[in-house]
Structure formats: structure tokens, C-alpha cells
$ cat query_23.txt   # compact mmCIF, C-alpha atoms
# COMPACT_ATOMS: atom_id res chain seq x y z
CA MET A 1 94.19 68.00 38.97
CA ASN A 2 92.12 65.58 41.01
CA PHE A 3 90.13 66.37 44.12
CA ASN A 4 92.73 65.11 46.61
CA GLU A 5 95.44 67.30 45.09
CA ILE A 6 93.13 70.32 45.13
CA TYR A 7 92.23 69.59 48.73
CA SER A 8 95.82 69.36 49.93
CA ASN A 9 96.87 72.45 47.94
CA TYR A 10 94.00 74.72 48.93
CA LYS A 11 92.74 73.61 52.34
CA VAL A 12 94.89 76.14 54.22
CA ILE A 13 93.79 79.03 51.97
CA VAL A 14 90.11 78.09 52.25
CA TYR A 15 90.31 77.62 56.02
CA ASN A 16 92.05 80.95 56.54
CA VAL A 17 89.64 82.92 54.35
CA ALA A 18 86.80 81.32 56.30
CA LEU A 19 88.57 82.36 59.52
CA HIS A 20 88.82 85.97 58.32
CA TYR A 21 85.07 85.98 57.75
CA SER A 22 83.96 84.16 60.90
CA GLN A 23 86.86 84.67 63.34
CA SER A 24 85.88 81.40 64.92
CA ILE A 25 87.62 78.05 64.58
CA GLU A 26 84.39 76.00 64.69
CA ASP A 27 82.65 78.15 62.10
CA ALA A 28 85.70 78.21 59.83
CA GLU A 29 85.86 74.41 59.96
CA GLU A 30 82.21 74.17 59.03
CA ILE A 31 82.65 76.63 56.15
CA THR A 32 85.74 74.74 54.92
CA GLN A 33 83.74 71.50 54.93
CA ASP A 34 80.92 73.16 52.97
CA VAL A 35 83.40 74.57 50.46
CA PHE A 36 85.09 71.25 49.73
CA VAL A 37 81.84 69.28 49.53
CA SER A 38 80.51 71.85 47.06
CA LEU A 39 83.82 71.83 45.18
CA PHE A 40 83.67 68.06 44.92
CA GLU A 41 80.20 68.26 43.41
CA LYS A 42 81.04 71.09 41.02
CA LEU A 43 84.50 69.94 39.95
CA GLN A 44 83.20 68.25 36.80
CA PHE A 45 81.66 71.55 35.67
CA PHE A 46 84.85 73.55 36.23
CA ARG A 47 86.00 75.23 33.02
CA GLU A 48 89.74 74.96 32.47
CA ASP A 49 89.89 78.48 31.03
CA ALA A 50 89.09 79.99 34.43
CA SER A 51 91.72 80.06 37.15
CA LEU A 52 91.27 77.30 39.73
CA LYS A 53 92.46 79.59 42.51
CA THR A 54 89.93 82.29 41.58
CA TRP A 55 87.18 79.70 41.36
CA ILE A 56 88.02 78.30 44.81
CA TYR A 57 88.17 81.80 46.29
CA LYS A 58 84.77 82.54 44.76
CA ILE A 59 83.20 79.44 46.32
CA THR A 60 84.84 80.19 49.67
CA VAL A 61 83.60 83.78 49.74
CA ASN A 62 80.07 82.73 48.81
CA LYS A 63 79.97 79.90 51.36
CA SER A 64 81.34 82.16 54.10
CA LEU A 65 78.72 84.82 53.39
CA ASP A 66 75.96 82.17 53.25
CA PHE A 67 77.13 80.77 56.58
CA LEU A 68 77.19 84.18 58.27
CA ARG A 69 73.74 85.01 56.88
CA ALA A 70 72.35 81.73 58.22
CA LYS A 71 73.96 82.38 61.58
CA LYS A 72 72.48 85.86 61.76
CA ARG A 73 69.02 84.43 60.95
CA GLN A 74 69.49 81.78 63.62
CA LYS A 75 70.44 84.43 66.19
CA ARG A 76 67.41 86.54 65.30
CA PHE A 77 65.15 83.52 65.59
CA ALA A 78 66.70 82.52 68.93
CA PHE A 79 66.12 86.04 70.21
CA ILE A 80 62.46 86.00 69.17
CA THR A 81 61.85 82.57 70.70
CA SER A 82 63.61 83.63 73.90
CA ILE A 83 61.05 86.44 74.25
CA PHE A 84 58.12 84.06 73.97
CA THR A 85 59.49 81.15 75.97
CA PRO A 86 58.78 81.25 79.71
CA ASP A 87 62.38 80.31 80.54
CA SER A 88 63.69 83.81 79.94
CA THR A 89 66.61 83.38 82.32
CA LYS A 90 68.61 81.83 79.50
CA THR A 91 70.76 84.38 77.75
CA ILE A 92 71.90 84.28 74.16
CA GLU A 93 75.55 83.40 73.86
CA ILE A 94 77.55 85.92 71.92
CA PRO A 95 80.66 84.22 70.60
CA THR A 96 83.91 86.01 71.23
CA SER A 97 86.33 86.54 68.40
CA SER A 98 88.99 83.84 68.36
CA HIS A 99 91.00 84.14 65.17
CA PRO A 100 93.89 81.75 65.82
CA GLY A 101 96.14 83.45 63.30
CA ILE A 102 96.40 86.65 65.31
CA GLU A 103 99.76 87.05 67.03
CA LEU A 104 99.62 87.91 70.70
CA GLU A 105 101.16 91.42 70.51
CA GLU A 106 98.68 92.47 67.83
CA LYS A 107 95.72 90.60 69.32
CA GLU A 108 93.84 93.59 70.71
CA ASN A 109 94.32 95.81 67.66
CA LEU A 110 93.45 93.12 65.13
CA ASN A 111 90.43 91.94 67.10
CA ARG A 112 89.11 95.50 67.14
CA LEU A 113 89.88 95.87 63.45
CA PHE A 114 88.00 92.68 62.64
CA ASN A 115 85.09 93.83 64.80
CA CYS A 116 84.88 97.00 62.69
CA ILE A 117 85.22 95.01 59.45
CA ASN A 118 82.29 92.86 60.62
CA LYS A 119 80.14 96.01 60.74
CA LEU A 120 80.68 96.66 57.02
CA SER A 121 78.33 95.44 54.31
CA GLU A 122 79.03 92.01 52.73
CA ASN A 123 80.69 93.45 49.61
CA GLN A 124 82.78 95.95 51.53
CA LYS A 125 83.89 93.26 53.97
CA THR A 126 84.83 90.98 51.08
CA VAL A 127 86.84 93.66 49.31
CA ILE A 128 88.86 94.42 52.47
CA ILE A 129 89.46 90.72 53.19
CA LEU A 130 90.56 89.93 49.65
CA LEU A 131 92.61 93.05 48.96
CA LYS A 132 94.17 93.76 52.31
CA VAL A 133 94.10 90.57 54.36
CA GLU A 134 94.66 88.05 51.56
CA GLN A 135 96.74 90.54 49.52
CA ILE A 136 95.08 89.51 46.25
CA SER A 137 95.43 91.82 43.24
CA GLN A 138 92.60 94.15 42.25
CA LYS A 139 92.10 92.25 38.99
CA GLU A 140 91.72 88.90 40.74
CA THR A 141 89.45 90.43 43.39
CA ALA A 142 87.27 91.78 40.60
CA GLU A 143 87.09 88.31 39.03
CA ILE A 144 86.22 86.67 42.34
CA MET A 145 83.51 89.21 43.11
CA GLY A 146 82.18 89.32 39.56
CA LEU A 147 82.80 93.07 39.29
CA THR A 148 84.93 95.34 37.14
CA THR A 149 88.29 96.58 38.40
CA LYS A 150 86.88 100.11 38.59
CA ALA A 151 83.95 98.91 40.68
CA VAL A 152 86.33 97.13 43.05
CA GLU A 153 88.39 100.31 43.37
CA SER A 154 85.41 102.46 44.30
CA LEU A 155 84.02 99.74 46.57
CA PHE A 156 87.34 99.65 48.38
CA GLN A 157 87.33 103.45 48.81
CA ARG A 158 83.85 103.32 50.30
CA ALA A 159 84.82 100.39 52.52
CA LYS A 160 87.90 102.27 53.71
CA ASN A 161 85.87 105.38 54.57
CA ASN A 162 83.25 103.37 56.45
CA LEU A 163 85.92 101.41 58.26
CA LYS A 164 87.62 104.67 59.23
CA SER A 165 84.45 106.02 60.80
CA HIS A 166 83.83 102.74 62.65
CA LEU A 167 87.40 102.80 63.92
CA GLN A 168 87.02 106.43 65.07
CA ASN A 169 83.95 105.41 67.03
CA GLU A 170 86.00 102.62 68.58
CA GLY A 171 88.84 105.06 69.28
CA LEU A 172 91.32 103.07 67.21
CA ASP A 173 92.25 105.42 64.39
CA MET B 1 94.68 103.80 57.70
CA GLU B 2 97.37 102.08 55.61
CA ASP B 3 99.39 101.54 58.80
CA LEU B 4 96.43 99.74 60.24
CA PHE B 5 96.17 97.54 57.18
CA GLN B 6 99.85 96.74 57.66
CA SER B 7 98.89 95.00 60.90
CA PHE B 8 97.29 92.28 58.77
CA LYS B 9 100.85 91.21 58.06
CA HIS B 10 100.92 89.91 61.63
CA LEU B 11 98.14 87.53 60.72
CA LYS B 12 99.60 84.07 60.29
CA ARG B 13 98.12 81.45 58.01
CA VAL B 14 97.07 78.63 60.31
CA PRO B 15 96.52 75.06 59.19
CA PRO B 16 93.16 73.46 59.98
CA ALA B 17 92.91 70.75 62.64
CA GLU B 18 93.90 67.28 61.47
CA ASN B 19 90.49 65.79 62.19
CA LEU B 20 88.98 68.20 59.65
CA ASP B 21 90.47 66.10 56.83
CA ASN B 22 88.54 63.05 58.03
CA ARG B 23 85.36 65.06 58.57
CA ILE B 24 85.47 66.44 55.03
CA MET B 25 86.26 63.08 53.44
CA ASP B 26 83.42 61.46 55.45
CA ALA B 27 81.01 64.18 54.29
CA ILE B 28 82.06 63.62 50.68
CA ARG B 29 81.70 59.84 51.00
CA GLN B 30 78.22 60.38 52.45
CA ARG B 31 77.33 62.66 49.54
CA LYS B 32 78.57 60.05 47.08
CA LEU B 33 76.32 57.42 48.67
CA ASN B 34 73.27 59.65 48.74
CA SER B 35 73.69 61.20 45.32
CA ILE B 36 71.64 59.93 42.38
CA PRO B 37 73.83 58.81 39.47
CA TYR B 38 71.99 60.80 36.80
CA TYR B 39 73.64 59.01 33.88
CA LYS B 40 72.35 55.67 35.20
CA VAL B 41 68.84 57.08 35.50
CA ALA B 42 69.11 58.43 31.95
CA ILE B 43 70.29 55.04 30.60
CA ALA B 44 67.49 53.19 32.43
CA ALA B 45 64.87 55.65 31.14
CA SER B 46 66.06 55.29 27.55
CA VAL B 47 66.10 51.46 27.82
CA ILE B 48 62.52 51.49 29.16
CA PHE B 49 61.45 53.84 26.38
CA LEU B 50 63.13 51.69 23.72
CA LEU B 51 61.58 48.48 25.09
CA SER B 52 58.10 49.94 25.24
CA PHE B 53 58.49 51.28 21.71
CA LEU B 54 59.66 47.87 20.46
CA GLU B 55 56.78 46.17 22.29
CA ILE B 56 54.26 48.40 20.53
CA ARG B 57 55.88 47.62 17.17
CA TRP B 58 55.95 43.92 18.00
CA MET B 59 52.30 43.97 19.09
CA GLY B 60 51.28 45.52 15.80
CA LYS B 61 53.34 43.01 13.79
CA SER B 62 52.33 39.86 15.72
CA VAL B 63 48.71 40.72 15.44
CA ASN B 64 49.27 41.18 11.76
CA SER B 65 51.00 37.83 11.29
CA ASN B 66 48.12 35.98 13.00
CA ASN B 67 45.74 37.71 10.65
CA GLN B 68 44.03 39.36 13.56
CA TYR B 69 43.62 42.96 14.44
CA THR B 70 46.58 45.18 13.68
CA PHE B 71 47.62 47.85 16.10
CA ASP B 72 46.00 50.45 13.88
CA SER B 73 42.79 48.48 13.63
CA ILE B 74 42.62 48.05 17.41
CA TYR B 75 42.78 51.80 17.59
CA GLN B 76 40.10 52.02 14.87
CA ILE B 77 37.80 49.67 16.84
CA ARG B 78 38.21 51.89 19.87
CA VAL B 79 37.27 54.90 17.77
CA ASP B 80 34.30 53.02 16.31
CA ASN B 81 33.16 51.94 19.75
CA ASN B 82 33.30 55.48 20.91
CA LEU B 83 31.19 56.55 17.94
CA TYR B 84 28.79 53.72 18.67
CA ASN B 85 28.55 54.78 22.31
CA GLU B 86 27.98 58.32 21.25
CA LYS B 87 25.08 57.20 19.04
CA ASP B 88 23.55 55.51 22.08

$ encode --input "query_23.txt" --output "C-alpha cells"
Amino acid sequence: MNFNEIYSNYKVIVYNVALHYSQSIEDAEEITQDVFVSLFEKLQFFREDASLKTWIYKITVNKSLDFLRAKKRQKRFAFITSIFTPDSTKTIEIPTSSHPGIELEEKENLNRLFNCINKLSENQKTVIILLKVEQISQKETAEIMGLTTKAVESLFQRAKNNLKSHLQNEGLD
Amino acid sequence: MEDLFQSFKHLKRVPPAENLDNRIMDAIRQRKLNSIPYYKVAIAASVIFLLSFLEIRWMGKSVNSNNQYTFDSIYQIRVDNNLYNEKD
């Protein structure tokens, strides 16, 4: 399969996984671009024995997490510089969640749910996104995350418990 | 909790904007231009190595054919000179 075929077959999946992580159209587009540029560079090293879909998911998850980490660092840095700069009237913009895939009647609930998912650790967030949002099997999730199926199962239980307590705090459960 | 997870079913898969295709292809084209073709560098390096090796061999032989210093003897002179300098 050449790059163009891979791109047309997987661009929607990659974009939507990136959206689940970032809940922002601009960020998801940037992540998608990063994923396909990296995929283009690494395609020659792809081993045929591994599943292409799993491999693409793996790159997407890693790029999304890298992007969010970089964004968090940027925010922290902006906050520190805003303390030391004399022009302290400028406020830091907090982007609002704008997942375009959310249907209107579920908008409020899903936005809150995503806000709570964002509070989870990287691994717990990934396990919820892959298992519950993307509906990927436990075996495939384990492959993507580089864990055993058992580890994914216990990670999901922990993620579920933490999510439950976050939701209770939000008054959603 | 499971009911809440069911609400993810209301999440539609959305296609990316059309201009994203062009952006990605442009980024890849840019990468292609900026990337170093490693195999070309490797070929060039091996050609240079081979040429320099042949030149050394040729130097040794040509000096030999003119009945002048061989490559080994040039090296020997250098060693002798060093010994001579050391004696000084």
C-alpha cells in the first residue's frame, strides 16, 4: 500500500482520534499533519507482520500526547512570562472544547465527559479513548499501548473509577 | 457508568477540512526537499574512500616505476628524519 492510499484510507480515523484527545479542530488538524508526515518518513521501516491499523493508531496516540504535553508546557511558560511582563492586563486564553463530532442534544453531557477524561492521566485517557470512544478491542488496545491485555484491563478499571469520582465532583454521575 | 459510555455512540466521525489534504502534502513535499538522501551520501563517501585508496596505491607504484622512493620508503624517510631530529 502506498502513502496516498494509506492517507485516503486513514485520514478520517487519525483526525477523529486527534479530536478526541484535543477537542479542538485546529489542534486536531495539526496533530493529523504531524502523524502523516511522521508516517511518510517511517513507512519504509514498517514491518508487514504488524497490523497497519495498529501502527497508525500507535503513531496517532503518541503524536496526540506529545502535542498536548507541548501545549501544556507552552501554557505554563506563558503564565510565567505573564507574571514578569509589565503588561499584565493580557489574560491567558483558555480554549473552549469544540469537538465537531458531538451531536447537539448530547453536547453538554459529552463536553462534560470529555472535560473529566482530560483530567485523567495520559494512559488512563488513552485507554478510555481507545476502548470506549473508538470501540477498539482490548487486544488491539494492548498492542497499541505496548501493554498486556491484563494490564489494559486493570488500567481501564482504574480509569473508570477515577472518571467516576471526577464525574461525581461535576455532578454528572 | 456504562450508560455514560453509551453516549459516545452519539459521537460522529467527522472528515477533516479539505484544505488539510493540501497542507499535509505541502509539508511532506517540504520534508522531501529538506531531507538528506542518506544512500547518496553513503555512495559518495565510498567513492571518495575508494579513490583515495587507489591514489595511495598508485602513488606507491608510480614512485616505484620511476625508480624513486616507494610509498614505504617515503614513510621510512619520515621515520628516519624523526630519529635524526630526536638525535639533535

$ atom_distance --input "query_23.txt" --atom1 "atom CA of B:Glu18" --atom2 "atom CA of A:Gln33"
12.8 Å

$ interface_residues --input "query_23.txt" --of "chain A" --to "chain B" --cutoff "7 Å" --atoms "only C-alpha atoms" --output "PyMOL selection string"
chain A and resi 12+15-16+29+33+37+101-103+132-133

$ axis_aligned_box --input "query_23.txt" --around "stretch 8-16 of chain A" --padding-each-side "6 Å" --output "JSON"
{"center_x": 93.5, "center_y": 75.2, "center_z": 52.2, "size_x": 18.8, "size_y": 23.6, "size_z": 20.6}

$ residues_around --input "query_23.txt" --residues "A:Thr32" --least-positions-apart "4" --cutoff "8 Å" --atoms "only C-alpha atoms" --output "MDAnalysis selection string"
chainID A and resid 11 14:15 18 28 36 60

$ residues_around --input "query_23.txt" --residues "A:Ser165" --least-positions-apart "6" --cutoff "12 Å" --atoms "only C-alpha atoms" --output "number ranges by chain"
A: 113, 116-117, 119-120, 158-159, 171-173; B: 1

$ write_last_selection --input "query_23.txt" --atoms "C-alpha atoms" --output "compact mmCIF listing (two decimals), keeping the file's coordinate frame"
# COMPACT_ATOMS: atom_id res chain seq x y z
CA LEU A 113 89.88 95.87 63.45
CA CYS A 116 84.88 97.00 62.69
CA ILE A 117 85.22 95.01 59.45
CA LYS A 119 80.14 96.01 60.74
CA LEU A 120 80.68 96.66 57.02
CA ARG A 158 83.85 103.32 50.30
CA ALA A 159 84.82 100.39 52.52
CA GLY A 171 88.84 105.06 69.28
CA LEU A 172 91.32 103.07 67.21
CA ASP A 173 92.25 105.42 64.39
CA MET B 1 94.68 103.80 57.70

$ atom_distance --input "query_23.txt" --atom1 "atom CA of A:Gln135" --atom2 "atom CA of A:Tyr7"
21.4 Å

$ residues_around --input "query_23.txt" --residues "stretch 138-141 of chain A" --least-positions-apart "5" --cutoff "12 Å" --atoms "only C-alpha atoms" --output "PDB file with C-alpha atoms, in the frame of the given file"
ATOM      1  CA  ALA A  50      89.090  79.990  34.430  1.00  0.00           C
ATOM      2  CA  SER A  51      91.720  80.060  37.150  1.00  0.00           C
ATOM      3  CA  LEU A  52      91.270  77.300  39.730  1.00  0.00           C
ATOM      4  CA  LYS A  53      92.460  79.590  42.510  1.00  0.00           C
ATOM      5  CA  THR A  54      89.930  82.290  41.580  1.00  0.00           C
ATOM      6  CA  TRP A  55      87.180  79.700  41.360  1.00  0.00           C
ATOM      7  CA  ILE A  56      88.020  78.300  44.810  1.00  0.00           C
ATOM      8  CA  TYR A  57      88.170  81.800  46.290  1.00  0.00           C
ATOM      9  CA  LYS A  58      84.770  82.540  44.760  1.00  0.00           C
ATOM     10  CA  VAL A  61      83.600  83.780  49.740  1.00  0.00           C
ATOM     11  CA  ASN A 123      80.690  93.450  49.610  1.00  0.00           C
ATOM     12  CA  GLN A 124      82.780  95.950  51.530  1.00  0.00           C
ATOM     13  CA  THR A 126      84.830  90.980  51.080  1.00  0.00           C
ATOM     14  CA  VAL A 127      86.840  93.660  49.310  1.00  0.00           C
ATOM     15  CA  ILE A 128      88.860  94.420  52.470  1.00  0.00           C
ATOM     16  CA  ILE A 129      89.460  90.720  53.190  1.00  0.00           C
ATOM     17  CA  LEU A 130      90.560  89.930  49.650  1.00  0.00           C
ATOM     18  CA  LEU A 131      92.610  93.050  48.960  1.00  0.00           C
ATOM     19  CA  LYS A 132      94.170  93.760  52.310  1.00  0.00           C
ATOM     20  CA  VAL A 133      94.100  90.570  54.360  1.00  0.00           C
ATOM     21  CA  GLY A 146      82.180  89.320  39.560  1.00  0.00           C
ATOM     22  CA  LEU A 147      82.800  93.070  39.290  1.00  0.00           C
ATOM     23  CA  THR A 148      84.930  95.340  37.140  1.00  0.00           C
ATOM     24  CA  THR A 149      88.290  96.580  38.400  1.00  0.00           C
ATOM     25  CA  LYS A 150      86.880 100.110  38.590  1.00  0.00           C
ATOM     26  CA  ALA A 151      83.950  98.910  40.680  1.00  0.00           C
ATOM     27  CA  VAL A 152      86.330  97.130  43.050  1.00  0.00           C
ATOM     28  CA  GLU A 153      88.390 100.310  43.370  1.00  0.00           C
ATOM     29  CA  SER A 154      85.410 102.460  44.300  1.00  0.00           C
ATOM     30  CA  LEU A 155      84.020  99.740  46.570  1.00  0.00           C
ATOM     31  CA  PHE A 156      87.340  99.650  48.380  1.00  0.00           C
TER      32      PHE A 156
END

$ closest_residue --input "query_23.txt" --among "A:Ser22, A:Glu5, A:Pro100, A:Ser137" --to "A:Lys72" --atoms "only C-alpha atoms"
A:Ser22

$ atom_distance --input "query_23.txt" --atom1 "atom CA of A:His166" --atom2 "atom CA of A:Phe114"
10.9 Å
